[in-house]
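> Got a structure here, written out as structure tokens. Questions coming.
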Amino acid sequence: MRRLGTIVRMTLAGFAQLAVASALCAAEQATARQVVEALHAGMIGVMRDPAASTFDARAARLGPVLESSFDLDFMARKSLGRAFDRLPEADQQRWIADFHRFMVANYAGRMRGYSGQRFETLGDEPAARDTVLVRTRLIDPGAENMDLAYRLRRTPSGWKVIDVYLKGTVSELSLRRSDFTAILDRQGFPALLESVDAKIADLAAGKVK
């Protein structure tokens, strides 16, 4: 009986330690809003850094920032919709890798200098399918301000961005899916890879549309 009581106390103590550890882990994970604000801070930091004046330097700096802020694997799959599931596994992995490269190139190609830009966080709200929408605004003294909304989902490694809404309403992921699937359907997977490689080359050369 005494041994049983000892086992019960040890079990309860174990549960208590697990609960504390889980609470600490949850507390350490950034909120959706903090993830977006860290992304913005990383972007502005790269823009302000004279050492990041070249495309390659910006890509090297922005790669880890995007990897920690975006669920790029998830976005890669969604960017092809159901067509992704029909690809052979080797092509799926190739697409995910190329999508990562494209996302980094897209940001590195557009952040070519700092002229007083800053981001404001306007608020956050629950969204569909247990996601969170973080609304922000890019303040650009040299151009028109732009509203940007980030949709995030919870992953095992914390909140991650899965879509960006340009002007607050236009889904960037939907635009990409429309573009990518049109090429895939008409010309096939090799042509899609060639198209993405060409886009990356244009961004590296400063040809930003």
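By convention here, the chains of the structure tokens are called A, B, ... in the order presented, each chain's residues are numbered starting at 1, and ligands are numbered starting at 1 in the order presented.
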Quick one: residues within 7 Å of segment 113-120 of chain A, only C-alpha atoms counted, chain neighbours fewer than 2 positions away excluded, as a PyMOL selection string?

chain A and resi 40+47-48+111+122+136-141

> List the neighbours of Val65 of chain A out to 9 Å using only C-alpha atoms; skip same-chain residues closer than 3 positions along the sequence, and give me the result as a list of chain:residue names.

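In the requested form, the answer reads A:Ala38, A:Leu39, A:Gly42, A:Met43, A:Arg61, A:Leu62, A:Ser68, A:Ser69, A:Phe70.
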
> Those residues with N, CA and C atoms, as a PDB file, in the first residue's frame please?


ATOM      1  N   ALA A  38       8.597  40.412 -35.989  1.00  0.00           N
ATOM      2  CA  ALA A  38       9.984  39.978 -36.140  1.00  0.00           C
ATOM      3  C   ALA A  38      10.360  39.899 -37.624  1.00  0.00           C
ATOM      4  N   LEU A  39       9.423  39.457 -38.453  1.00  0.00           N
ATOM      5  CA  LEU A  39       9.648  39.429 -39.897  1.00  0.00           C
ATOM      6  C   LEU A  39       9.901  40.833 -40.418  1.00  0.00           C
ATOM      7  N   GLY A  42      13.292  42.110 -39.394  1.00  0.00           N
ATOM      8  CA  GLY A  42      14.342  41.507 -40.208  1.00  0.00           C
ATOM      9  C   GLY A  42      14.426  42.136 -41.582  1.00  0.00           C
ATOM     10  N   MET A  43      13.276  42.418 -42.179  1.00  0.00           N
ATOM     11  CA  MET A  43      13.252  43.027 -43.502  1.00  0.00           C
ATOM     12  C   MET A  43      13.848  44.438 -43.476  1.00  0.00           C
ATOM     13  N   ARG A  61      20.861  36.995 -46.200  1.00  0.00           N
ATOM     14  CA  ARG A  61      20.328  37.520 -44.936  1.00  0.00           C
ATOM     15  C   ARG A  61      18.847  37.202 -44.772  1.00  0.00           C
ATOM     16  N   LEU A  62      18.109  37.278 -45.870  1.00  0.00           N
ATOM     17  CA  LEU A  62      16.651  37.110 -45.779  1.00  0.00           C
ATOM     18  C   LEU A  62      16.229  35.652 -45.704  1.00  0.00           C
ATOM     19  N   SER A  68      12.124  31.191 -40.872  1.00  0.00           N
ATOM     20  CA  SER A  68      11.611  31.179 -39.504  1.00  0.00           C
ATOM     21  C   SER A  68      10.225  31.789 -39.399  1.00  0.00           C
ATOM     22  N   SER A  69       9.819  32.570 -40.387  1.00  0.00           N
ATOM     23  CA  SER A  69       8.539  33.281 -40.315  1.00  0.00           C
ATOM     24  C   SER A  69       7.442  32.630 -41.144  1.00  0.00           C
ATOM     25  N   PHE A  70       7.802  32.004 -42.268  1.00  0.00           N
ATOM     26  CA  PHE A  70       6.835  31.431 -43.196  1.00  0.00           C
ATOM     27  C   PHE A  70       6.837  29.904 -43.101  1.00  0.00           C
TER      28      PHE A  70
END

> Would you list, as a PDB file with C-alpha atoms, in the first residue's frame, the residues of segment 40-143 of chain A that end up in strand (DSSP E) under DSSP run on this structure's backbone?


ATOM      1  CA  ARG A 118       8.562  51.348 -41.630  1.00  0.00           C
ATOM      2  CA  PHE A 119       5.789  48.944 -40.716  1.00  0.00           C
ATOM      3  CA  GLU A 120       2.859  49.515 -38.393  1.00  0.00           C
ATOM      4  CA  THR A 121       0.887  46.670 -36.816  1.00  0.00           C
ATOM      5  CA  LEU A 122      -2.797  47.562 -36.934  1.00  0.00           C
ATOM      6  CA  GLY A 123      -4.204  44.560 -35.067  1.00  0.00           C
ATOM      7  CA  ASP A 124      -4.883  40.850 -35.194  1.00  0.00           C
ATOM      8  CA  GLU A 125      -8.020  38.741 -35.295  1.00  0.00           C
ATOM      9  CA  PRO A 126      -9.098  35.079 -35.517  1.00  0.00           C
ATOM     10  CA  ALA A 127      -9.584  33.764 -39.050  1.00  0.00           C
ATOM     11  CA  THR A 131      -5.686  30.719 -38.280  1.00  0.00           C
ATOM     12  CA  VAL A 132      -4.928  34.286 -37.229  1.00  0.00           C
ATOM     13  CA  LEU A 133      -4.913  37.395 -39.423  1.00  0.00           C
ATOM     14  CA  VAL A 134      -2.383  40.092 -38.524  1.00  0.00           C
ATOM     15  CA  ARG A 135      -3.123  43.416 -40.207  1.00  0.00           C
ATOM     16  CA  THR A 136      -0.240  45.776 -40.888  1.00  0.00           C
ATOM     17  CA  ARG A 137       0.646  48.817 -42.974  1.00  0.00           C
ATOM     18  CA  LEU A 138       3.827  49.629 -44.838  1.00  0.00           C
ATOM     19  CA  ILE A 139       4.582  53.339 -44.463  1.00  0.00           C
TER      20      ILE A 139
END

> Give the helix (DSSP H, G or I) residues of chain A, as DSSP finds them on the backbone, and put them as a ChimeraX atom specification.

/A:2-28,32-48,50-52,55-69,72-78,82-86,89-110,128-130,172-187,189-204

> Within 12 Å of Asp179 of chain A, counting only C-alpha atoms, which residues show up once you throw out same-chain ones fewer than 3 positions away? Write them as a list in words, please.

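Close residues of Asp179 of chain A: Ser79, Leu80, Gly81, Glu172, Leu173, Ser174, Leu175, Arg176, Ala182, Ile183, Leu184, Asp185, Arg186, Leu192, Ser195, Val196 and Lys199 of chain A.
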
> Between atom CA of Leu148 of chain A and atom CA of Gly168 of chain A, what distance in Å does the model show, to one decimal?

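Computed distance, atom CA of Leu148 of chain A to atom CA of Gly168 of chain A, equals 4.9 Å.
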
> Do you know which residues are at most 10 Å from Ser157 of chain A counting only C-alpha atoms, after dropping those on the same chain fewer than 2 positions away, and could you put them as a PDB file with N, CA, C and O atoms, in the first residue's frame?


ATOM      1  N   GLN A  29       6.971  30.413 -27.088  1.00  0.00           N
ATOM      2  CA  GLN A  29       6.596  30.546 -28.483  1.00  0.00           C
ATOM      3  C   GLN A  29       5.993  31.927 -28.726  1.00  0.00           C
ATOM      4  O   GLN A  29       5.150  32.405 -27.971  1.00  0.00           O
ATOM      5  N   ALA A  30       6.451  32.558 -29.803  1.00  0.00           N
ATOM      6  CA  ALA A  30       5.971  33.885 -30.126  1.00  0.00           C
ATOM      7  C   ALA A  30       4.517  33.834 -30.569  1.00  0.00           C
ATOM      8  O   ALA A  30       4.057  32.853 -31.153  1.00  0.00           O
ATOM      9  N   SER A  68      12.124  31.191 -40.872  1.00  0.00           N
ATOM     10  CA  SER A  68      11.611  31.179 -39.504  1.00  0.00           C
ATOM     11  C   SER A  68      10.225  31.789 -39.399  1.00  0.00           C
ATOM     12  O   SER A  68       9.513  31.540 -38.416  1.00  0.00           O
ATOM     13  N   ASP A  71       5.689  29.302 -43.324  1.00  0.00           N
ATOM     14  CA  ASP A  71       5.591  27.852 -43.489  1.00  0.00           C
ATOM     15  C   ASP A  71       5.738  27.574 -44.982  1.00  0.00           C
ATOM     16  O   ASP A  71       4.761  27.324 -45.698  1.00  0.00           O
ATOM     17  N   ARG A 154      -0.877  27.762 -36.674  1.00  0.00           N
ATOM     18  CA  ARG A 154       0.009  27.214 -35.658  1.00  0.00           C
ATOM     19  C   ARG A 154       0.626  25.913 -36.165  1.00  0.00           C
ATOM     20  O   ARG A 154      -0.072  25.045 -36.677  1.00  0.00           O
ATOM     21  N   THR A 155       1.927  25.791 -36.023  1.00  0.00           N
ATOM     22  CA  THR A 155       2.666  24.598 -36.419  1.00  0.00           C
ATOM     23  C   THR A 155       3.403  24.067 -35.188  1.00  0.00           C
ATOM     24  O   THR A 155       3.455  24.739 -34.155  1.00  0.00           O
ATOM     25  N   TRP A 159       3.777  29.749 -34.576  1.00  0.00           N
ATOM     26  CA  TRP A 159       2.970  30.393 -35.610  1.00  0.00           C
ATOM     27  C   TRP A 159       3.821  30.667 -36.837  1.00  0.00           C
ATOM     28  O   TRP A 159       4.960  31.124 -36.731  1.00  0.00           O
ATOM     29  N   LYS A 160       3.246  30.387 -38.023  1.00  0.00           N
ATOM     30  CA  LYS A 160       3.947  30.609 -39.287  1.00  0.00           C
ATOM     31  C   LYS A 160       2.999  31.270 -40.289  1.00  0.00           C
ATOM     32  O   LYS A 160       1.808  30.946 -40.352  1.00  0.00           O
TER      33      LYS A 160
END

> Just the number, please: distance in Å from atom CA of Thr54 of chain A to atom CA of Asn106 of chain A, one decimal.

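Those two atoms sit 13.8 Å apart.
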
> Pick from A:Pro50, A:Ile96, A:Gly63, A:Ala105: nearest to Ala198 of chain A, with only C-alpha atoms counted?

A:Ala105

> Excluding Ile200 of chain A and any residue of its chain fewer than 4 positions from it, enumerate the residues within 10 Å of it, using only C-alpha atoms, and give them as JSON, numbers by chain.

{"A": [98, 101, 102, 103, 104, 105, 106, 108, 109, 194, 195, 196, 204, 205, 206, 207]}

> For atom CA of Ala191 of chain A and atom CA of Asp163 of chain A, determine how far apart the two atoms are, in Å to one decimal place.

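Answer for the atom CA of Ala191 of chain A to atom CA of Asp163 of chain A separation: 24.8 Å.
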